Structure formats: C-alpha cells, structure tokens
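Participant: Sharing a structure here in structure tokens format.
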Amino acid sequence: MNSYLGKDWLVVATKGHIKDLPPKSYGVDISNSFEPEYEWLKGKKNLFASIVTKAKKCSKIYIASDPDREGEIIAKHCFDELAKLKKPIYRLRLKEITKDELNSQLEKQTGLDLAEIESQIARRVVDRIFGFEVSPDLWKQLKIPTLSAGRVQSTVLHWICEREREIQNFSKETYFLLRLHGTLNKQSSELKYQSKEKLNQEDVNAIVKELEMIPEPSKLKELVLSNIKVKQLNRKPPKAFSTASLLEVSFRALKFDSKKTMRIAQSLFEGKKLQSGETVGLITYMRSDSTRVSDSKRQLGENYLKQHYPKLLLEGAGKQSKQKKFSQDAHEAVIPINPNLTPNQIRNYLTVDEWKLYQLIWERFLVSLMKPESGEEVVYEFPIGKHLFTHTFERIFDGGFKNYPEPMMDKKKSTLDAKVGDIFFYESYSTLEKETEPPERYTHGKLIQKMEDTGVGRPSTYANILETLKLRKYIVEYQKNIGPSALGMKVDGYLDSNFHDLIGESFTKDLEQQLDQITENKNSRVELISAFYGKLKQILKSPRKKKESYGPEFGTSKKNEKSITESSGINSNDSIKKNKNQHLPKEKSLNLTEKKVCPKCLDGTIKTKLGKNGRTIYFCSRYPHCDYITYDN
C-alpha cells in the first residue's frame, strides 16, 4: 500500500487480531451484561507498542483491517489503544487494494461501525459461553477430559455423522442395464432399455427370451425409429464466485483444501509486485457470500470479452440475479480487479499455486458474463411390443461458456442424425451388472457449500470450522472424503441427544440471522446473549439421556481409553492382520453404531472403521479376543 500513498505515509501491520478472550478462563462477565474481558495476544503488546511509537509522529491515523466483522473488532481494539494519542482516527474498509479504492476510502473519513462490532462481540461471547459450559459437561459424561465443544462446529459435525449413519445403514441392491449394439444410418450406435423399475437378472433373461435375441442367429434383426422427442435446453453460465463456491471449485479442480485456498486468496487480495515494481491487488475481498458484481467491474469484464471473445458475450447482462436467502450481500463476488491482467501476463510474478487460483477466479468471472448455452436434448425411441429402447444426445446451437476452458465444464455427447422410419440394425446385446450406491461422504467443498446454502456459519468462518474439527480429531479425511472419527461419533451422539436445540441446523441459522440483525441495528447484543445463555442453562439443569444412546462403545480398558483420548485411532497400517496377539489396526475410525452380532464368536457386535485405502473395515467389538475382521459388509 506504500506505493499508492507516497513517502509522507507510514504503513504498519498488526498481523491480525491484537486482543481476544483469555484462552484458559471464561473471559465473560455474566453479571455485567455479558461484557467480554479481552487480553493481549501473545507478542502483540510489544508489537503494538512499536506501532504507537510510530503513530505519535503522525498527524492522522487510518485503520485498514479487513472489511468484515473480524476486521471491525480488530479496528476497535486498535482504536481503543490509539485514542490515547488524541489524534484524528479514521476507518478504511478496502474491498479491493487499488489506488482508486484507497483514494475513495480516504475521502470518506468514516469511523468505526459500532453495530458490526456489537454483532462480532455477540458471536464471540455466545461461542465462548457454549464452549465453556458444554465442554465440562462432555468431560463429565463421556469421561474424556480433553474434549471440547463448539457451537457451529457441532452443527457441521452432526451433518458428517448423519451422513455416515446413512452410509452404514445403506443396503446395496444389485440391478442390470440392458444395451443393444448395432448401426443406425451406417453409424455404430447403442440403444438403452428403458424401464420404470430396476431390472434384476430374471427380468433381463425374460426380455432377451421374449425378443428372441438368443439363440444365435437372433431373430431380432431390426428396430424402427418410431418417435423423436425434443426438449429445449437453456443453461445459464455459473455465477461469479462467492467464498463458498470458490472453496468448492478450488477443492474439486485444484485439490486445494479450504485453508490453503483462503491463504492463497489472501495473498492475491493483498497484492503482488508486478513488472512496474508496484504492488497491485489482484482480486476483490475473498470473504463474501454474494455473487453480485459491481457495475464498474462488469463493464471491465464486458470490454475484455468484446475485444477478445466478441461472439461469447451476453449483451445487456447488467441485471443482477437474486442473492441466496442467507446472503448478507455486504461485498461483491470474489472476482479479478482488472480482467486485463490475464493469468498468462502475470504468471512470472506468482507462485504456481497463486497462478492456478487466480486463473480459476479470472476465468469464472468472464464465464459468468457469457451467453447461456442454447440447444436441445434429443431422444430417439425404438419401441418393440411393450418394450422400449432409446438413444439420447444433445445438440448445442449457441452459447459462450460451453467452449470456454474451465475445468468443471462437461464434455458434450456426439450427435447422431436420423428421422422417423429409419432402421436400427441389431447386431448384439450386452448387460452390465451394477449396484446401488450409498450416499457419498462430504468433501471440503460440499460441506462449505452446505454451510452457505443453509446459512450456517459465515464466509470468514467456513475454513476455520473444518480446521477446528480436524484439530479436535472429530473428523478424518481420506483423499477427498471427510468422515467422523469414532470419537466424533461419540461426541455427536451425546451433543445431539442433549443439546440438539442449540446445535440443530434451524437454531444455528436463526442465530446467524439474529447476528445480522444486530449489524442492521435491529437487535440487542445483550438480549441475544441472555436468551442463549438462559436456554443453555435450562438444558444443563435437565437430566441427561442414557449413555447407551451417545454412540459407539469403546470398551473399558485403560489402553483403549488412552488411545481414544490421545489420537481417536487416527494412525494407519497398510494391511489388516488376523493375529490374536496384534492390536486392532489403528485405522481412521468412523461409525460404530449399527449393532450386528459377530458371526464368528456370536458374542460381540460388528463395528466399523474407515481404512487407509478408503474402504470400510468390519470387525468384532471383542477384538483381540475375537479376531473376526473383513472388508465385506
């Protein structure tokens, strides 16, 4: 920022928060309107003392922390310390780091946003109350003194555990697909058998026999194209990135987890030194739940497309689409500040990962301004008796983003021209045995997208929520998939049984909306905290549900208890050994809720773990006394 301001300015950094609630004590004065009791973070008192020394030499002070709730509380803590100097202090809220934005903010000379500060304090205090009241309850009830509970994290953990229960309780069903192979208009073609119900082996055998497809040579020689169904297609391009969609696509396309994506996005927002020697901000503020694009940025994007891809631009695309229900819309989407700075032009000034993420953001912004895909879905129908075979494909006539080189765009199917009355000449058939698939485990991207869709959490907290669950060893990852550890299942079982009213999705998103209303000066911080505290205390005074309902049992040996407390079983072996003298492999633990009797000893119950190769391991609860262990369900 120095390069924009000149030699008469002095720019210093606080390097994030300077104060917070104490880590080991409550830090909230319950009897005094729930006032927070902040203290200096480690090393920040000396750092800020040097900032005060430099500020004494200045005539004016501007605080330019991030333009969100967290940035506002940082500004408040800085203001409280700097106000002692009795100099003019102003607040800068930079949504992008550019000379124009900086000059615009300097002219405004605004102060602190007290409503935003109140909202942040409310969130922080509510989370502190939940953690300091519920965590001891967890220790007492589950007999594990290292456990901790977080309000929003518990909601997300419950999603993960619920999905795992669905997977473990899923019953696979085998079914078959029937295909005919031959030619249509001298082109090799495939027809699919259409059925409302899934076909079993007996169904396939009956169809093959009825249509005389065997024995060879078959009597089924030809099928007539009797009907053509056409459905018009009009696919809109994806919107510019919000934080959630950026994290989801970055994980899917680049394999960057949420923490890495946000770290790289922060560096692109703060700016990079380019050829001119000037540090230039490359993207807008990266914590946003909006897909809105400002008129000035939209004009820049349209001008770029007019110059380079004139046929792809959607003319008159200025109308903004409706934002999601839970969007605050405080910032515009995460987009490039100047689309004329193409990824290739600045590649040498970025790290490889910075370049990849910038390219993703740059492309997505331009794609969002392109024409929709227009075309049609075509279905050729070949009936024979009561049976129906079809051939389906798409024809795309126009549209921009179908040709644009973005990683997530699907390839289109090839077309086959035919008319009613044309003949499909049958040559052979094939069957494909398939199994119904259980629900997929969440990925980083899918969880963050769900947080945005349901209003649970905010862009500034998405990445931290998942990171916290990992640090507490409540969740484990294998490649892209996230599942609960055995410890996570146990904690969720207890919290869901006894604190569901405070961690349920509905309550959590309602609280987020109440926090937003504080920002809009419609709610009282003290009233919100007081209502939450009263509800929590009422739950804590009520009887607890029986331990059997909390989730998996771990046995009573001290060795088992130590293993759970220290690592939750998160170590991996490459193979499963059936040696009675071996301890159960410390695989990444998942769900252990479904009680099936062990088929070997007929005494223990079957439990499960997520193995290193991503497959589910089934074993006896009496291990190592019973060495039953298998990959088969």
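If you're wondering about the labels, chains in the structure tokens are A, B, ... by order shown, residues count from 1 in each chain, ligands from 1 in order shown.
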So which residues of region 434-563 of chain A fall under alpha helix (DSSP H) by DSSP, listed as number ranges by chain?
Facilitator: A: 444-454, 462-471, 486-503, 505-519, 525-541, 558-563
Participant: Got a sec: who's within 8 Å of region 334-350 of chain A, counting only C-alpha atoms, leaving out chain neighbours fewer than 3 positions off, as number ranges by chain?
Facilitator: A: 96, 240-243, 246, 272-275, 281-288, 291, 297, 300-301, 304, 353-355, 358-359, 361-362, 365
Participant: Where does DSSP see strand (DSSP E) in region 153-217 of chain A, if you list the residues as a list of chain:residue names?
Facilitator: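 Of region 153-217 of chain A, only A:Thr174, A:Tyr175, A:Phe176, A:Leu177, A:Leu178, A:Arg179, A:Leu180, A:His181, A:Gly182, A:Thr183, A:Leu184, A:Gln187, A:Ser188, A:Ser189, A:Glu190, A:Leu191, A:Lys192, A:Tyr193 fall in strand (DSSP E).
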Participant: If we count only C-alpha atoms, what is near His77 (chain A) at a cut-off of 8 Å, once residues fewer than 4 positions away on the same chain are taken out, given as a PDB file with all heavy atoms, in the first residue's frame?
Facilitator:
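To be explicit, this is the file written out as part.pdb:
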ATOM      1  N   ILE A  18      -5.162  -8.312  17.771  1.00  0.00           N
ATOM      2  CA  ILE A  18      -4.186  -7.966  18.809  1.00  0.00           C
ATOM      3  C   ILE A  18      -4.695  -8.391  20.194  1.00  0.00           C
ATOM      4  O   ILE A  18      -3.909  -8.582  21.116  1.00  0.00           O
ATOM      5  CB  ILE A  18      -3.856  -6.460  18.809  1.00  0.00           C
ATOM      6  CG1 ILE A  18      -5.109  -5.613  19.098  1.00  0.00           C
ATOM      7  CG2 ILE A  18      -3.219  -6.049  17.488  1.00  0.00           C
ATOM      8  CD1 ILE A  18      -4.815  -4.132  19.335  1.00  0.00           C
ATOM      9  N   LYS A  19      -6.012  -8.544  20.333  1.00  0.00           N
ATOM     10  CA  LYS A  19      -6.600  -8.963  21.604  1.00  0.00           C
ATOM     11  C   LYS A  19      -7.682 -10.009  21.353  1.00  0.00           C
ATOM     12  O   LYS A  19      -8.250 -10.084  20.265  1.00  0.00           O
ATOM     13  CB  LYS A  19      -7.224  -7.766  22.338  1.00  0.00           C
ATOM     14  CG  LYS A  19      -6.233  -6.716  22.804  1.00  0.00           C
ATOM     15  CD  LYS A  19      -6.945  -5.595  23.551  1.00  0.00           C
ATOM     16  CE  LYS A  19      -5.956  -4.546  24.043  1.00  0.00           C
ATOM     17  NZ  LYS A  19      -6.629  -3.446  24.786  1.00  0.00           N
ATOM     18  N   ILE A  73     -13.645  -5.658  14.704  1.00  0.00           N
ATOM     19  CA  ILE A  73     -13.231  -5.777  16.109  1.00  0.00           C
ATOM     20  C   ILE A  73     -11.733  -5.534  16.247  1.00  0.00           C
ATOM     21  O   ILE A  73     -11.272  -4.977  17.258  1.00  0.00           O
ATOM     22  CB  ILE A  73     -13.638  -7.161  16.700  1.00  0.00           C
ATOM     23  CG1 ILE A  73     -13.601  -7.125  18.236  1.00  0.00           C
ATOM     24  CG2 ILE A  73     -12.744  -8.270  16.190  1.00  0.00           C
ATOM     25  CD1 ILE A  73     -14.652  -6.233  18.852  1.00  0.00           C
ATOM     26  N   GLU A  81      -6.602   1.651  21.843  1.00  0.00           N
ATOM     27  CA  GLU A  81      -5.222   1.928  22.257  1.00  0.00           C
ATOM     28  C   GLU A  81      -4.705   3.242  21.672  1.00  0.00           C
ATOM     29  O   GLU A  81      -4.011   4.010  22.345  1.00  0.00           O
ATOM     30  CB  GLU A  81      -4.309   0.774  21.826  1.00  0.00           C
ATOM     31  CG  GLU A  81      -4.611  -0.546  22.504  1.00  0.00           C
ATOM     32  CD  GLU A  81      -4.429  -0.482  24.017  1.00  0.00           C
ATOM     33  OE1 GLU A  81      -3.456   0.145  24.480  1.00  0.00           O
ATOM     34  OE2 GLU A  81      -5.281  -1.062  24.745  1.00  0.00           O
TER      35      GLU A  81
END
Participant: For CA of Val208 (chain A) and CA of Glu435 (chain A), quote the distance in Å rounded to one decimal.
Facilitator: 21.0 Å
Participant: Go through A:Tyr62, A:Leu177, A:Phe132, A:Gly455 one by one, measure the shortest atom-to-atom distance of each to Leu106 (chain A) using only C-alpha atoms, and give the residue with the smallest value.
Facilitator: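 Of A:Tyr62, A:Leu177, A:Phe132, A:Gly455, the one nearest Leu106 (chain A) is A:Tyr62, counting only C-alpha atoms.
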Participant: Quick one: which region 124-240 of chain A residues come within 10 Å of region 471-477 of chain A, and what is the nearest atom pair for each with the distance in Å to one decimal, counting only C-alpha atoms, rows ordered by chain and ascending number, as JSON lines?
Facilitator:
{"residue": "A:Thr146", "atom": "CA", "partner": "A:Arg472", "partner_atom": "CA", "distance": 9.0}
{"residue": "A:Leu147", "atom": "CA", "partner": "A:Arg472", "partner_atom": "CA", "distance": 7.7}
{"residue": "A:Ser148", "atom": "CA", "partner": "A:Arg472", "partner_atom": "CA", "distance": 7.7}
{"residue": "A:Ala149", "atom": "CA", "partner": "A:Arg472", "partner_atom": "CA", "distance": 9.3}
{"residue": "A:Gln153", "atom": "CA", "partner": "A:Tyr474", "partner_atom": "CA", "distance": 10.0}
{"residue": "A:Ser154", "atom": "CA", "partner": "A:Tyr474", "partner_atom": "CA", "distance": 9.8}
{"residue": "A:Leu157", "atom": "CA", "partner": "A:Tyr474", "partner_atom": "CA", "distance": 7.6}
{"residue": "A:Ile160", "atom": "CA", "partner": "A:Ile475", "partner_atom": "CA", "distance": 8.2}
{"residue": "A:Cys161", "atom": "CA", "partner": "A:Ile475", "partner_atom": "CA", "distance": 9.1}
Participant: Can you write just those residues out, all heavy atoms, as a PDB file, in the first residue's frame?
Facilitator:
ATOM      1  N   THR A 146     -10.250 -34.298  27.681  1.00  0.00           N
ATOM      2  CA  THR A 146      -9.643 -33.426  26.678  1.00  0.00           C
ATOM      3  C   THR A 146     -10.663 -32.921  25.652  1.00  0.00           C
ATOM      4  O   THR A 146     -10.297 -32.223  24.713  1.00  0.00           O
ATOM      5  CB  THR A 146      -8.532 -34.182  25.924  1.00  0.00           C
ATOM      6  OG1 THR A 146      -9.094 -35.368  25.348  1.00  0.00           O
ATOM      7  CG2 THR A 146      -7.391 -34.539  26.850  1.00  0.00           C
ATOM      8  N   LEU A 147     -11.925 -33.274  25.811  1.00  0.00           N
ATOM      9  CA  LEU A 147     -12.928 -32.916  24.805  1.00  0.00           C
ATOM     10  C   LEU A 147     -13.289 -31.440  24.885  1.00  0.00           C
ATOM     11  O   LEU A 147     -13.197 -30.812  25.932  1.00  0.00           O
ATOM     12  CB  LEU A 147     -14.194 -33.747  24.996  1.00  0.00           C
ATOM     13  CG  LEU A 147     -14.061 -35.259  24.824  1.00  0.00           C
ATOM     14  CD1 LEU A 147     -15.406 -35.925  25.068  1.00  0.00           C
ATOM     15  CD2 LEU A 147     -13.551 -35.588  23.432  1.00  0.00           C
ATOM     16  N   SER A 148     -13.712 -30.890  23.754  1.00  0.00           N
ATOM     17  CA  SER A 148     -14.237 -29.529  23.730  1.00  0.00           C
ATOM     18  C   SER A 148     -15.369 -29.470  22.717  1.00  0.00           C
ATOM     19  O   SER A 148     -15.423 -30.267  21.783  1.00  0.00           O
ATOM     20  CB  SER A 148     -13.146 -28.520  23.384  1.00  0.00           C
ATOM     21  OG  SER A 148     -12.563 -28.839  22.135  1.00  0.00           O
ATOM     22  N   ALA A 149     -16.271 -28.521  22.912  1.00  0.00           N
ATOM     23  CA  ALA A 149     -17.444 -28.398  22.050  1.00  0.00           C
ATOM     24  C   ALA A 149     -17.527 -26.982  21.503  1.00  0.00           C
ATOM     25  O   ALA A 149     -17.263 -26.015  22.213  1.00  0.00           O
ATOM     26  CB  ALA A 149     -18.712 -28.733  22.838  1.00  0.00           C
ATOM     27  N   GLN A 153     -19.369 -25.624  14.972  1.00  0.00           N
ATOM     28  CA  GLN A 153     -18.658 -26.860  14.626  1.00  0.00           C
ATOM     29  C   GLN A 153     -19.511 -28.081  14.928  1.00  0.00           C
ATOM     30  O   GLN A 153     -19.471 -29.077  14.204  1.00  0.00           O
ATOM     31  CB  GLN A 153     -17.328 -26.955  15.399  1.00  0.00           C
ATOM     32  CG  GLN A 153     -16.320 -25.895  15.026  1.00  0.00           C
ATOM     33  CD  GLN A 153     -16.374 -24.720  15.985  1.00  0.00           C
ATOM     34  OE1 GLN A 153     -17.446 -24.230  16.307  1.00  0.00           O
ATOM     35  NE2 GLN A 153     -15.218 -24.271  16.437  1.00  0.00           N
ATOM     36  N   SER A 154     -20.289 -28.014  16.005  1.00  0.00           N
ATOM     37  CA  SER A 154     -21.124 -29.160  16.386  1.00  0.00           C
ATOM     38  C   SER A 154     -22.219 -29.408  15.363  1.00  0.00           C
ATOM     39  O   SER A 154     -22.594 -30.553  15.106  1.00  0.00           O
ATOM     40  CB  SER A 154     -21.736 -28.927  17.772  1.00  0.00           C
ATOM     41  OG  SER A 154     -20.719 -28.837  18.756  1.00  0.00           O
ATOM     42  N   LEU A 157     -20.402 -31.050  12.442  1.00  0.00           N
ATOM     43  CA  LEU A 157     -20.057 -32.419  12.831  1.00  0.00           C
ATOM     44  C   LEU A 157     -21.286 -33.313  12.738  1.00  0.00           C
ATOM     45  O   LEU A 157     -21.194 -34.465  12.287  1.00  0.00           O
ATOM     46  CB  LEU A 157     -19.495 -32.437  14.254  1.00  0.00           C
ATOM     47  CG  LEU A 157     -19.206 -33.814  14.845  1.00  0.00           C
ATOM     48  CD1 LEU A 157     -18.132 -34.539  14.037  1.00  0.00           C
ATOM     49  CD2 LEU A 157     -18.785 -33.708  16.311  1.00  0.00           C
ATOM     50  N   ILE A 160     -21.907 -34.483   9.236  1.00  0.00           N
ATOM     51  CA  ILE A 160     -20.949 -35.515   8.838  1.00  0.00           C
ATOM     52  C   ILE A 160     -21.327 -36.860   9.455  1.00  0.00           C
ATOM     53  O   ILE A 160     -21.274 -37.898   8.786  1.00  0.00           O
ATOM     54  CB  ILE A 160     -19.521 -35.100   9.256  1.00  0.00           C
ATOM     55  CG1 ILE A 160     -19.112 -33.813   8.515  1.00  0.00           C
ATOM     56  CG2 ILE A 160     -18.513 -36.212   8.976  1.00  0.00           C
ATOM     57  CD1 ILE A 160     -17.852 -33.168   9.054  1.00  0.00           C
ATOM     58  N   CYS A 161     -21.727 -36.840  10.723  1.00  0.00           N
ATOM     59  CA  CYS A 161     -22.100 -38.085  11.401  1.00  0.00           C
ATOM     60  C   CYS A 161     -23.406 -38.649  10.851  1.00  0.00           C
ATOM     61  O   CYS A 161     -23.544 -39.872  10.689  1.00  0.00           O
ATOM     62  CB  CYS A 161     -22.225 -37.843  12.911  1.00  0.00           C
ATOM     63  SG  CYS A 161     -20.650 -37.477  13.722  1.00  0.00           S
TER      64      CYS A 161
END
Participant: Have a look at A:Lys42, A:Lys108, A:Arg458, A:Lys229 and name the one nearest to Asp289 (chain A); count only C-alpha atoms.
Facilitator: A:Arg458
Participant: Which of these, A:Ile503, A:Leu5, A:Ala244, A:Cys601, has the shortest distance to Ile448 (chain A) once you count only C-alpha atoms?
Facilitator: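 Among the listed residues, the smallest separation from Ile448 (chain A) belongs to A:Ala244.
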Participant: Extract, using only C-alpha atoms, all DNA, RNA and protein residues at most 10 Å from Asn521 (chain A), discarding same-chain residues fewer than 6 positions from it, and format them as a PyMOL selection string.
Facilitator: chain A and resi 114-116+118-119+515
Participant: Could you turn the residues from that selection into a file that holds N, CA, C and O atoms, as an mmCIF file, in the first residue's frame?
Facilitator:
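The result, written out as selection-v4.cif:
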data_model
loop_
_atom_site.group_PDB
_atom_site.id
_atom_site.type_symbol
_atom_site.label_atom_id
_atom_site.label_comp_id
_atom_site.auth_asym_id
_atom_site.auth_seq_id
_atom_site.Cartn_x
_atom_site.Cartn_y
_atom_site.Cartn_z
ATOM 1 N N LEU A 114 -20.174 0.597 14.835
ATOM 2 C CA LEU A 114 -20.463 0.080 16.173
ATOM 3 C C LEU A 114 -21.417 -1.113 16.132
ATOM 4 O O LEU A 114 -21.319 -2.027 16.955
ATOM 5 N N ALA A 115 -22.357 -1.117 15.181
ATOM 6 C CA ALA A 115 -23.289 -2.241 15.067
ATOM 7 C C ALA A 115 -22.559 -3.515 14.646
ATOM 8 O O ALA A 115 -22.846 -4.605 15.151
ATOM 9 N N GLU A 116 -21.612 -3.377 13.726
ATOM 10 C CA GLU A 116 -20.815 -4.523 13.300
ATOM 11 C C GLU A 116 -19.980 -5.064 14.458
ATOM 12 O O GLU A 116 -19.847 -6.282 14.644
ATOM 13 N N GLU A 118 -20.754 -4.783 17.675
ATOM 14 C CA GLU A 118 -21.699 -5.438 18.589
ATOM 15 C C GLU A 118 -22.020 -6.858 18.117
ATOM 16 O O GLU A 118 -22.098 -7.796 18.911
ATOM 17 N N SER A 119 -22.212 -7.003 16.808
ATOM 18 C CA SER A 119 -22.529 -8.317 16.241
ATOM 19 C C SER A 119 -21.377 -9.288 16.442
ATOM 20 O O SER A 119 -21.576 -10.451 16.811
ATOM 21 N N LEU A 515 -27.693 -12.352 14.488
ATOM 22 C CA LEU A 515 -26.425 -11.615 14.500
ATOM 23 C C LEU A 515 -26.405 -10.585 13.384
ATOM 24 O O LEU A 515 -25.908 -9.461 13.559
#
Participant: For Lys219 (chain A), which residue out of A:Gly27, A:Lys143, A:Leu92, A:Ser428 is the nearest one, using only C-alpha atoms?
Facilitator: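 Distance minimum relative to Lys219 (chain A) lands on A:Ser428.
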Participant: Tell me which of A:Ser267, A:Ser25, A:Lys221, A:Phe499 sits closest to Pro543 (chain A), counting only C-alpha atoms.
Facilitator: A:Phe499
Participant: What is the distance between CA of Gln105 (chain A) and CA of Pro459 (chain A), in Å to one decimal?
Facilitator: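 CA of Gln105 (chain A) sits 23.1 Å away from CA of Pro459 (chain A).
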